[in-house]
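Asker: This structure is in structure tokens; I'll ask about it shortly.
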Amino acid sequence: MEPEHASANGRKRPQPPHRSPHEVADELRARIRSGALRPGQRMPTQAQLADEFGVERAAVRQALRILHAERLLTNLSKGSPATVAIPDRAAATAGPAAVPLPTTVALAPRVAAAFAAPHVRIDALCLTSVSLTLAIGEPLRRIHAGELKPAKVDVRVLLPSRDIALAFPAPAGPADPAGADLLHRRWLAQRNAQGQVLRHNLRALRASHGVDVRVSFRALPFTPPVKLYLVNGSEALFAYYTLRRREEEIDHEQLQLYDAEGTRSMLFSFERGAGLRDAAFVEQSRLWFDALWETISTELQLTG
């Protein structure tokens, strides 16, 4: 049995509840962002943090690595406590928490930070998986460089079914069945190709690094008006698909169409450790995603 802790007045107090590395990271992240841990200040020692949170030092080290990957900590080494990063350095690469950024800018560092955990969990709901496929490139590079060493990766992706008439991309103006078919075939080819690349690149980690990888896709019976990424159960990244009218040449035909450039959609971040509102948004987003996955979605084959 774990010994009880002594309080400052010498009386015994109960052992604090066990926390996961991500819960420890959430609490420390909240202290950094609230100013309780100031820029340039040294963190408590690993022994002190282990004692405070009631965890092993290995869990503390993992939590510190997560914050270091987010550029919230510097000088992480075995010899001395880490230092809280200065604000401009942290803000430059820590992701979209303060200011929303385009998906291509904001998603990659958040996904890379997620891969600092031993068990990576990413859920995505989107029109195609192109943004996620691009974002996975950075953590894959860092895994091959020996900088990240996840043991398990679980990825679930919800995409529109090939059997529905998409709300977008769609022809602008009068009904155009031929144009709609052309746009649908191009979208379907992109959906399948990006999904296949994502699945292949992640599954390759099994052979190259012994990572336990599971990648699953399911089909939705509607066109999602938003995109959502859930990262390690602690963060929800959310963006609107904003439609624009434009002209494009597809298969030698000029088409007027309504479409959304998902890679440029502004991504908002909500984190469990950033307050009650953010925590509620993350939890409700998870419940919504799980409900779609378990009820109205169907098996998806990444074929023609």
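Ordering of the structure tokens sets the chain letters (A, B, ...); residue numbers start at 1 within each chain; ligands are numbered from 1 in the order shown.
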If we count only C-alpha atoms and set the cut-off at 10 Å, which residues sit around Thr133 in chain A, ignoring sequence neighbours fewer than 5 positions away in its own chain? Please answer as a PDB file with C-alpha atoms, in the first residue's frame.
Answerer:
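Result went into selection-v3.pdb, see below:
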ATOM      1  CA  ALA A 108       0.552  19.665 -37.673  1.00  0.00           C
ATOM      2  CA  THR A 128     -11.556  14.321 -47.013  1.00  0.00           C
ATOM      3  CA  GLN A 194      -5.839  10.538 -49.162  1.00  0.00           C
ATOM      4  CA  GLY A 195      -7.321   7.871 -46.903  1.00  0.00           C
ATOM      5  CA  GLN A 196      -5.153   5.183 -48.446  1.00  0.00           C
ATOM      6  CA  VAL A 197      -1.993   7.295 -48.016  1.00  0.00           C
ATOM      7  CA  LEU A 198      -2.881   8.035 -44.389  1.00  0.00           C
ATOM      8  CA  ARG A 199      -3.541   4.377 -43.631  1.00  0.00           C
ATOM      9  CA  ASN A 201       1.934   5.668 -43.778  1.00  0.00           C
ATOM     10  CA  LEU A 202       0.668   4.871 -40.297  1.00  0.00           C
TER      11      LEU A 202
END
Asker: Residues of range 133-176 of chain A that have any atom at most 6 Å from an atom of range 115-124 of chain A: could you tabulate them with the shortest-distance atom pair and the distance in Å to one decimal, using only C-alpha atoms, ordered by chain and increasing number, as CSV?
Answerer:
residue,atom,partner,partner_atom,distance
A:Leu148,CA,A:Ala116,CA,5.8
A:Pro150,CA,A:Pro118,CA,4.3
A:Ala151,CA,A:Pro118,CA,5.1
A:Lys152,CA,A:His119,CA,4.7
A:Val153,CA,A:Val120,CA,4.6
A:Asp154,CA,A:Arg121,CA,4.9
A:Val155,CA,A:Ile122,CA,4.9
A:Arg156,CA,A:Asp123,CA,4.8
A:Val157,CA,A:Ala124,CA,4.8
Asker: Produce a file of the selected residues containing N, CA, C and O atoms, as a tab-separated table (two decimals), in the first residue's frame.
Answerer:
chain	number	residue	atom	x	y	z
A	148	LEU	N	10.51	10.79	-31.37
A	148	LEU	CA	9.24	10.37	-30.79
A	148	LEU	C	9.16	8.86	-30.83
A	148	LEU	O	9.60	8.24	-31.81
A	150	PRO	N	6.12	6.57	-29.83
A	150	PRO	CA	4.83	6.05	-29.35
A	150	PRO	C	4.80	4.53	-29.43
A	150	PRO	O	5.44	3.93	-30.29
A	151	ALA	N	4.06	3.92	-28.52
A	151	ALA	CA	3.92	2.47	-28.54
A	151	ALA	C	2.65	2.03	-29.27
A	151	ALA	O	2.60	0.93	-29.81
A	152	LYS	N	1.64	2.91	-29.28
A	152	LYS	CA	0.36	2.54	-29.86
A	152	LYS	C	-0.28	3.76	-30.50
A	152	LYS	O	-0.22	4.87	-29.95
A	153	VAL	N	-0.90	3.57	-31.67
A	153	VAL	CA	-1.57	4.65	-32.38
A	153	VAL	C	-2.94	4.17	-32.82
A	153	VAL	O	-3.05	3.15	-33.52
A	154	ASP	N	-3.97	4.87	-32.40
A	154	ASP	CA	-5.35	4.58	-32.82
A	154	ASP	C	-5.90	5.80	-33.54
A	154	ASP	O	-5.96	6.90	-32.97
A	155	VAL	N	-6.31	5.63	-34.79
A	155	VAL	CA	-6.87	6.71	-35.59
A	155	VAL	C	-8.22	6.27	-36.14
A	155	VAL	O	-8.34	5.20	-36.73
A	156	ARG	N	-9.24	7.09	-35.92
A	156	ARG	CA	-10.57	6.85	-36.48
A	156	ARG	C	-10.96	8.06	-37.33
A	156	ARG	O	-10.80	9.19	-36.90
A	157	VAL	N	-11.49	7.80	-38.51
A	157	VAL	CA	-11.84	8.89	-39.43
A	157	VAL	C	-13.26	8.68	-39.95
A	157	VAL	O	-13.59	7.60	-40.46
Asker: Using only C-alpha atoms, find the one residue out of A:Lys227, A:Gly275, A:Leu76, A:Leu287 that sits nearest to Arg33 in chain A.
Answerer: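 Closest to Arg33 in chain A of all the choices is A:Gly275.
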Asker: For Pro44 in chain A, which residue out of A:Glu247, A:Thr83, A:Pro224, A:Leu67 is the nearest one, using only C-alpha atoms?
Answerer: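 Under the stated criterion, the closest residue is A:Thr83.
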Asker: Running DSSP on the backbone, which parts of range 38-228 of chain A land in strand (DSSP E), as an NGL selection string?
Answerer: :A and (73-74 or 83-84 or 101-102 or 119-125 or 152-160 or 170-171 or 212-220 or 226-228)
Asker: Near Thr263 in chain A, counting only C-alpha atoms, which residues have an atom at most 8 Å away, once you skip same-chain residues fewer than 2 positions from it, shown as a PDB file with N, CA, C and O atoms, in the first residue's frame?
Answerer:
ATOM      1  N   PRO A 102      -4.998  28.870 -39.897  1.00  0.00           N
ATOM      2  CA  PRO A 102      -5.430  27.928 -40.939  1.00  0.00           C
ATOM      3  C   PRO A 102      -5.056  26.496 -40.572  1.00  0.00           C
ATOM      4  O   PRO A 102      -4.045  26.252 -39.906  1.00  0.00           O
ATOM      5  N   THR A 103      -5.858  25.563 -41.013  1.00  0.00           N
ATOM      6  CA  THR A 103      -5.657  24.160 -40.646  1.00  0.00           C
ATOM      7  C   THR A 103      -4.254  23.673 -40.992  1.00  0.00           C
ATOM      8  O   THR A 103      -3.633  22.957 -40.200  1.00  0.00           O
ATOM      9  N   THR A 104      -3.738  24.059 -42.144  1.00  0.00           N
ATOM     10  CA  THR A 104      -2.404  23.585 -42.544  1.00  0.00           C
ATOM     11  C   THR A 104      -1.321  24.080 -41.598  1.00  0.00           C
ATOM     12  O   THR A 104      -0.282  23.441 -41.450  1.00  0.00           O
ATOM     13  N   VAL A 130      -7.338  14.995 -46.232  1.00  0.00           N
ATOM     14  CA  VAL A 130      -6.119  15.608 -46.747  1.00  0.00           C
ATOM     15  C   VAL A 130      -5.363  16.383 -45.669  1.00  0.00           C
ATOM     16  O   VAL A 130      -4.143  16.295 -45.559  1.00  0.00           O
ATOM     17  N   SER A 131      -6.070  17.149 -44.827  1.00  0.00           N
ATOM     18  CA  SER A 131      -5.384  17.927 -43.787  1.00  0.00           C
ATOM     19  C   SER A 131      -4.707  17.016 -42.778  1.00  0.00           C
ATOM     20  O   SER A 131      -3.569  17.271 -42.354  1.00  0.00           O
ATOM     21  N   GLU A 261     -12.355  25.321 -49.149  1.00  0.00           N
ATOM     22  CA  GLU A 261     -10.943  24.928 -49.077  1.00  0.00           C
ATOM     23  C   GLU A 261     -10.636  24.565 -47.629  1.00  0.00           C
ATOM     24  O   GLU A 261     -10.278  25.421 -46.815  1.00  0.00           O
ATOM     25  N   SER A 265      -9.285  26.428 -43.745  1.00  0.00           N
ATOM     26  CA  SER A 265     -10.280  26.722 -42.713  1.00  0.00           C
ATOM     27  C   SER A 265      -9.591  27.075 -41.407  1.00  0.00           C
ATOM     28  O   SER A 265      -8.620  26.430 -41.012  1.00  0.00           O
TER      29      SER A 265
END
Asker: Measuring atom to atom with only C-alpha atoms, identify which of A:Arg29, A:Arg57, A:Arg110, A:His68 is nearest to Ser269 in chain A.
Answerer: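 Closest to Ser269 in chain A, using only C-alpha atoms: A:Arg110.
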Asker: Env of range 217-221 of chain A: 6 Å cut, atoms = only C-alpha atoms, seq-sep filter 4 positions within chain, self excluded. Answer as a PyMOL selection string.
Answerer: chain A and resi 156-161+297-300
Asker: Quick one: of A:Val111, A:Pro139, A:Gly273, A:Ser208, who's nearest to Val24 in chain A, counting only C-alpha atoms?
Answerer: A:Gly273
Asker: Pick from A:Arg264, A:Arg185, A:Val215, A:Ala170: nearest to Glu248 in chain A, with only C-alpha atoms counted?
Answerer: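 Looking only at the distances to Glu248 in chain A, the closest residue turns out to be A:Ala170.
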Asker: Can you pull out the residues contacting Arg203 in chain A? Cut-off 9 Å, using only C-alpha atoms, and skip same-chain residues under 6 positions away; I want them as a PDB file with C-alpha atoms, in the first residue's frame.
Answerer:
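The new file part38.pdb reads:
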ATOM      1  CA  VAL A 211       4.244   0.454 -33.217  1.00  0.00           C
ATOM      2  CA  ASP A 212       0.799  -1.066 -32.609  1.00  0.00           C
ATOM      3  CA  VAL A 213      -1.284   0.822 -35.200  1.00  0.00           C
ATOM      4  CA  ARG A 214      -5.023   0.757 -35.866  1.00  0.00           C
ATOM      5  CA  VAL A 215      -6.574   2.971 -38.563  1.00  0.00           C
TER       6      VAL A 215
END
Asker: Where does DSSP see helix (DSSP H, G or I) in range 3-239 of chain A, if you list the residues as a VMD selection string?
Answerer: chain A and resid 21 to 34 46 to 53 57 to 69 87 to 93 103 to 114 130 to 144 177 to 209
Asker: What is the distance, in Å and to one decimal place, between CA of Pro100 in chain A and CA of Phe270 in chain A?
Answerer: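 Those two atoms sit 10.7 Å apart.
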